[in-house]
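Notes to accompany the following structure.
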Amino acid sequence: MSAGHQAMRCKQELLSNWGNFPRIEAEVCYPTCADDVRKEVLRCERVIARGNGRCYGDASLGTHVISMLGLNRVRHFDPCQGVIEVEAGVLLDQILDYVVPAGWFFHVTPGTRFITVGGAIACDVHGKNHPQKGCFSNWLLDFELLKADGSTVRCSRQENSELFWQTCGGMGWTGIILSARIQLMRINSIWLRQRVVKAPNLEALLLAFEAHRAWPYAVAWLDGLSRGGNLGRSLLFLSEHTEGSVSESLAFPRRKAFTVPPYAPSFLLNPVTIRAYNHFRFASAQEGERLIDLEACFYPLDRLRLWNRLYGRRGFIQYQFCLPETHAAQGMNQVLTLSHQQGIVPFLCVVKRHGDRPPEAVHSFPERGYSLALDFPRTSKLFSLIQQLDEVVWQLGGKIYLAKDVCSAPKLSRIYPQHFAPDKFWSLMRERLQHADDYQKKS
Ligand SMILES: Cc1cc2nc3c(=O)[nH]c(=O)nc-3n(C[C@H](O)[C@H](O)[C@H](O)COP(=O)(O)OP(=O)(O)OC[C@H]3O[C@@H](n4cnc5c(N)ncnc54)[C@H](O)[C@@H]3O)c2cc1C
């Protein structure tokens, strides 16, 4: 928990986020203290904060980027109240080693623990328990924000509350989050009870989500290649924390991870191998219950480090949209059918159920209903497919998730970058959404 200041590094880099597209030349600075961040903000005309680059598209890319990874100190942890205060570049992964042994976990966590707290706030991330627990902002007590003029303000529900809500899900456009205090959730065990339910098609999946709504966590893997009567066949994973025993020692379980080598051959992932894998996964899945630990339940993908490399140099695009309950079946059906008709199939599909959005959380992605996330390898035909998917989602009153976006129509996000003042905090995404017409002409 000590603060050690080093001279700030700045260098030109070829930068991309998790989808490896787009890849741009950027000047990246690596401050290790708030003062250096302030100097950079004052020195540059336009900057954007970057966490760990785990958003998929262009949200933390820009010509001038401030990497927050060097602000990585845990300032204080209160093991009685379960409140932790950290600098914004701290990874969720780092927090787990402090809090799990003391019997605490996150109320809300996304599907990877390799994201920073600043990134979690700026995208207002959600987990598999949105109906019960909302987004990351629901459990955020307050944060320090560095503004364009170099001043720092504390934001909470009571203090500077408008700025608080603009910043949660505000994609870094209000300023730079320097530190935050988060309320954690009590756990007595690292074990969860998990039930697997097989759903032969999309309708059955949505019914299963409804029937099991009492489970705290629910997420479905969907076979994006199945068609006809099997369209949308899925495995629904439900889970809940167990009580544990007094003798259980609590530590975040860390299995040996495998790292995908650079430039892994992208031919490994193709419609034939994915079809075979999906068929095997669905057919071999056993319904029933078992015990799984925190890592297996919340972060299964993290075991294969840098799995994004499997998509090769061209990268991939995740298209995640949310639809109201009443239109979810129709919309997901249309989206999957359109992708099949055009011969562009998603390699990984995930469905989640969402609850009501608090009215103050103006920029949070989830709305009451369902979201579907589809991973598509990037091909030239994909952009025109996404335009068509956008139209389906728009017509049915849905929206897309900016944390994953790279080419959707600006209206789909239902966030208007031009309403954010000032213009200092500027990313490629902001440029794309704010100046959609000019941008499309240029590209
Ligand atoms: C495998 C995987 C699974 C995922 N699962 C989920 C999920 O279940 N739910 C979900 O909601 N998301 C999920 N995501 C997306 C991810 O959680 C978010 O994109 C998250 O914001 C990434 O955080 P980051 O630290 O990597 O930030 P970056 O990706 O670097 O940046 C994301 C945004 O935050 C801004 N930002 C970062 N730091 C700061 C700061 N200090 N101050 C101001 N702005 C800042 C950036 O400008 C950018 O707009 C997943 C991503 C991956 C790779």
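Identifiers in this document derive from the order of the structure tokens: chains are assigned A, B, ..., residues are numbered from 1 separately in each chain, and ligands are numbered from 1 in order of occurrence.
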Please identify all polymer residues within 7 Å of Ala199 of chain A, counting only C-alpha atoms, omitting same-chain residues fewer than 3 positions from it, and present them as a list of chain:residue names. A:Ala204, A:Leu205, A:Arg233, A:Ser234, A:Leu235
Contact residues around segment 138-147 of chain A with only C-alpha atoms at 8 Å, ignoring same-chain residues under 6 positions, as an MDAnalysis selection string: chainID A and resid 38 107:108 153:157 164 174:184
For segment 88-92 of chain A, find every residue with an atom within 7 Å (counting only C-alpha atoms), except residues of its own chain fewer than 4 positions away, and show them as an MDAnalysis selection string. chainID A and resid 51 68:73 96 113:118 177:180
Go ahead and write the selection's residues with C-alpha atoms as an mmCIF file, in the first residue's frame.
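Output file part.cif follows:
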data_model
loop_
_atom_site.group_PDB
_atom_site.id
_atom_site.type_symbol
_atom_site.label_atom_id
_atom_site.label_comp_id
_atom_site.auth_asym_id
_atom_site.auth_seq_id
_atom_site.Cartn_x
_atom_site.Cartn_y
_atom_site.Cartn_z
ATOM 1 C CA GLY A 51 -7.505 0.957 -18.203
ATOM 2 C CA MET A 68 -3.900 4.315 -15.700
ATOM 3 C CA LEU A 69 -2.220 0.990 -14.957
ATOM 4 C CA GLY A 70 0.537 2.694 -12.945
ATOM 5 C CA LEU A 71 -1.978 4.062 -10.441
ATOM 6 C CA ASN A 72 -2.330 0.647 -8.910
ATOM 7 C CA ARG A 73 -2.243 1.078 -5.162
ATOM 8 C CA LEU A 96 -9.589 -10.325 -4.935
ATOM 9 C CA ARG A 113 -11.168 -9.964 -13.565
ATOM 10 C CA PHE A 114 -8.469 -8.311 -15.670
ATOM 11 C CA ILE A 115 -10.137 -4.910 -15.835
ATOM 12 C CA THR A 116 -9.352 -1.781 -13.858
ATOM 13 C CA VAL A 117 -11.677 -0.079 -11.416
ATOM 14 C CA GLY A 118 -11.618 3.041 -13.631
ATOM 15 C CA ILE A 177 -11.171 8.738 -12.432
ATOM 16 C CA LEU A 178 -8.232 8.717 -10.040
ATOM 17 C CA SER A 179 -9.502 6.550 -7.192
ATOM 18 C CA ALA A 180 -12.718 4.996 -5.892
#
Distance criterion (only C-alpha atoms): nearest to Phe383 of chain A out of A:Gly369, A:Lys352, A:His419, A:Gln318: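 Using only C-alpha atoms, the shortest distance to Phe383 of chain A belongs to A:Gln318.
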When distances are computed from only C-alpha atoms, which of A:Val99, A:Leu412, A:Ala34, A:Cys10 shows the smallest separation from Gly397 of chain A?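 Under the stated criterion, the closest residue is A:Leu412.
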Just the residues within 12 Å of Val246 of chain A, please, counting only C-alpha atoms, with nothing from its chain fewer than 3 positions along; format it as a ChimeraX atom specification. /A:103,187-189,243,249-250
Do a neighbour search on Gly62 of chain A at 6 Å with only C-alpha atoms, toss out local chain neighbours closer than 3 positions, and write the hits as a PyMOL selection string. chain A and resi 65+427-428
Could those selected residues go to a file with N, CA, C and O atoms, as an mmCIF file, in the first residue's frame?
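In the end it all went to again_34.cif:
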data_model
loop_
_atom_site.group_PDB
_atom_site.id
_atom_site.type_symbol
_atom_site.label_atom_id
_atom_site.label_comp_id
_atom_site.auth_asym_id
_atom_site.auth_seq_id
_atom_site.Cartn_x
_atom_site.Cartn_y
_atom_site.Cartn_z
ATOM 1 N N VAL A 65 -3.154 8.910 -25.234
ATOM 2 C CA VAL A 65 -3.785 8.018 -24.255
ATOM 3 C C VAL A 65 -3.022 8.088 -22.933
ATOM 4 O O VAL A 65 -1.789 8.094 -22.926
ATOM 5 N N SER A 427 -11.819 10.243 -27.346
ATOM 6 C CA SER A 427 -11.352 8.938 -27.829
ATOM 7 C C SER A 427 -11.772 8.778 -29.278
ATOM 8 O O SER A 427 -12.597 9.548 -29.791
ATOM 9 N N LEU A 428 -11.258 7.731 -29.891
ATOM 10 C CA LEU A 428 -11.667 7.411 -31.254
ATOM 11 C C LEU A 428 -13.182 7.171 -31.283
ATOM 12 O O LEU A 428 -13.885 7.566 -32.211
#
Can you pull out every residue within 8 Å of Val260 of chain A, counting only C-alpha atoms, but drop anything in the same chain fewer than 2 positions away, and send it as a list in words? Phe258, Pro262, Ala264, Leu304, Arg305, Leu306, Trp307, Arg309 and Leu310 of chain A
My list of candidates is A:Val362, A:Ala276, A:Leu382, A:Cys349. Which is closest to ligand 1 when distances are computed with only C-alpha atoms and all ligand atoms?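 Selected residue with least distance to ligand 1: A:Cys349.
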What parts of segment 145-315 of chain A does DSSP call strand (DSSP E)? I'd like the answer as a ChimeraX atom specification. /A:145-146,152-156,176-183,185-186,191-199,217-222,234-241,258-259,288-293,304-305
Write to file, as a JSON list (two decimals), in the first residue's frame, the residues of the selection just made, with C-alpha atoms.
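Result file is again-v4.json:
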[["chain", "number", "residue", "atom", "x", "y", "z"],
["A", 145, "LEU", "CA", -12.41, 12.75, -10.74],
["A", 146, "LEU", "CA", -9.74, 14.83, -12.43],
["A", 152, "THR", "CA", -10.04, 17.21, -8.65],
["A", 153, "VAL", "CA", -13.57, 16.68, -7.34],
["A", 154, "ARG", "CA", -15.10, 13.98, -5.19],
["A", 155, "CYS", "CA", -18.29, 12.55, -6.67],
["A", 156, "SER", "CA", -20.92, 10.47, -4.92],
["A", 176, "ILE", "CA", -10.17, 10.89, -15.39],
["A", 177, "ILE", "CA", -11.17, 8.74, -12.43],
["A", 178, "LEU", "CA", -8.23, 8.72, -10.04],
["A", 179, "SER", "CA", -9.50, 6.55, -7.19],
["A", 180, "ALA", "CA", -12.72, 5.00, -5.89],
["A", 181, "ARG", "CA", -14.34, 3.42, -2.84],
["A", 182, "ILE", "CA", -16.38, 0.27, -3.41],
["A", 183, "GLN", "CA", -18.79, -1.57, -1.14],
["A", 185, "MET", "CA", -20.47, -8.30, -0.46],
["A", 186, "ARG", "CA", -20.07, -10.84, 2.38],
["A", 191, "TRP", "CA", -17.90, -22.41, -3.39],
["A", 192, "LEU", "CA", -21.09, -21.93, -5.36],
["A", 193, "ARG", "CA", -23.83, -24.37, -6.19],
["A", 194, "GLN", "CA", -24.31, -24.47, -9.95],
["A", 195, "ARG", "CA", -27.22, -25.95, -11.86],
["A", 196, "VAL", "CA", -27.13, -26.58, -15.59],
["A", 197, "VAL", "CA", -30.36, -26.48, -17.60],
["A", 198, "LYS", "CA", -30.45, -27.54, -21.25],
["A", 199, "ALA", "CA", -32.75, -25.50, -23.48],
["A", 217, "TYR", "CA", -26.70, -15.63, -11.01],
["A", 218, "ALA", "CA", -27.83, -16.73, -14.46],
["A", 219, "VAL", "CA", -26.04, -16.77, -17.79],
["A", 220, "ALA", "CA", -26.47, -18.86, -20.93],
["A", 221, "TRP", "CA", -24.08, -20.14, -23.54],
["A", 222, "LEU", "CA", -25.95, -20.27, -26.84],
["A", 234, "SER", "CA", -28.46, -23.18, -25.08],
["A", 235, "LEU", "CA", -27.05, -24.22, -21.76],
["A", 236, "LEU", "CA", -28.29, -22.07, -18.89],
["A", 237, "PHE", "CA", -25.91, -21.84, -15.95],
["A", 238, "LEU", "CA", -27.52, -20.87, -12.64],
["A", 239, "SER", "CA", -25.53, -20.38, -9.48],
["A", 240, "GLU", "CA", -25.68, -19.25, -5.87],
["A", 241, "HIS", "CA", -23.14, -18.87, -3.08],
["A", 258, "PHE", "CA", -2.57, -21.25, -20.33],
["A", 259, "THR", "CA", -1.53, -18.29, -22.50],
["A", 288, "GLY", "CA", -27.96, -31.25, -12.73],
["A", 289, "GLU", "CA", -26.05, -29.62, -9.91],
["A", 290, "ARG", "CA", -22.43, -29.44, -8.82],
["A", 291, "LEU", "CA", -20.14, -27.26, -6.72],
["A", 292, "ILE", "CA", -17.80, -24.84, -8.47],
["A", 293, "ASP", "CA", -15.44, -22.20, -7.09],
["A", 304, "LEU", "CA", -7.12, -19.09, -21.27],
["A", 305, "ARG", "CA", -5.02, -15.92, -21.16]]
Write out as a list in words which residues come within 9 Å of Ser60 of chain A when counting only C-alpha atoms, dropping same-chain ones fewer than 3 positions away.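 The neighbour list is Ser16, Asn17, Ile48, Ala49, Arg50, Gly51, Gly53, Cys55, Gly57, Val65, Met171, Gly172, Ser427, Leu428 and Met429 of chain A.
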Could you pull out the alpha helix (DSSP H) residues of segment 166-384 of chain A from DSSP and send them as a PyMOL selection string? chain A and resi 166-167+202-211+271-284+294-298+325-341+382-384
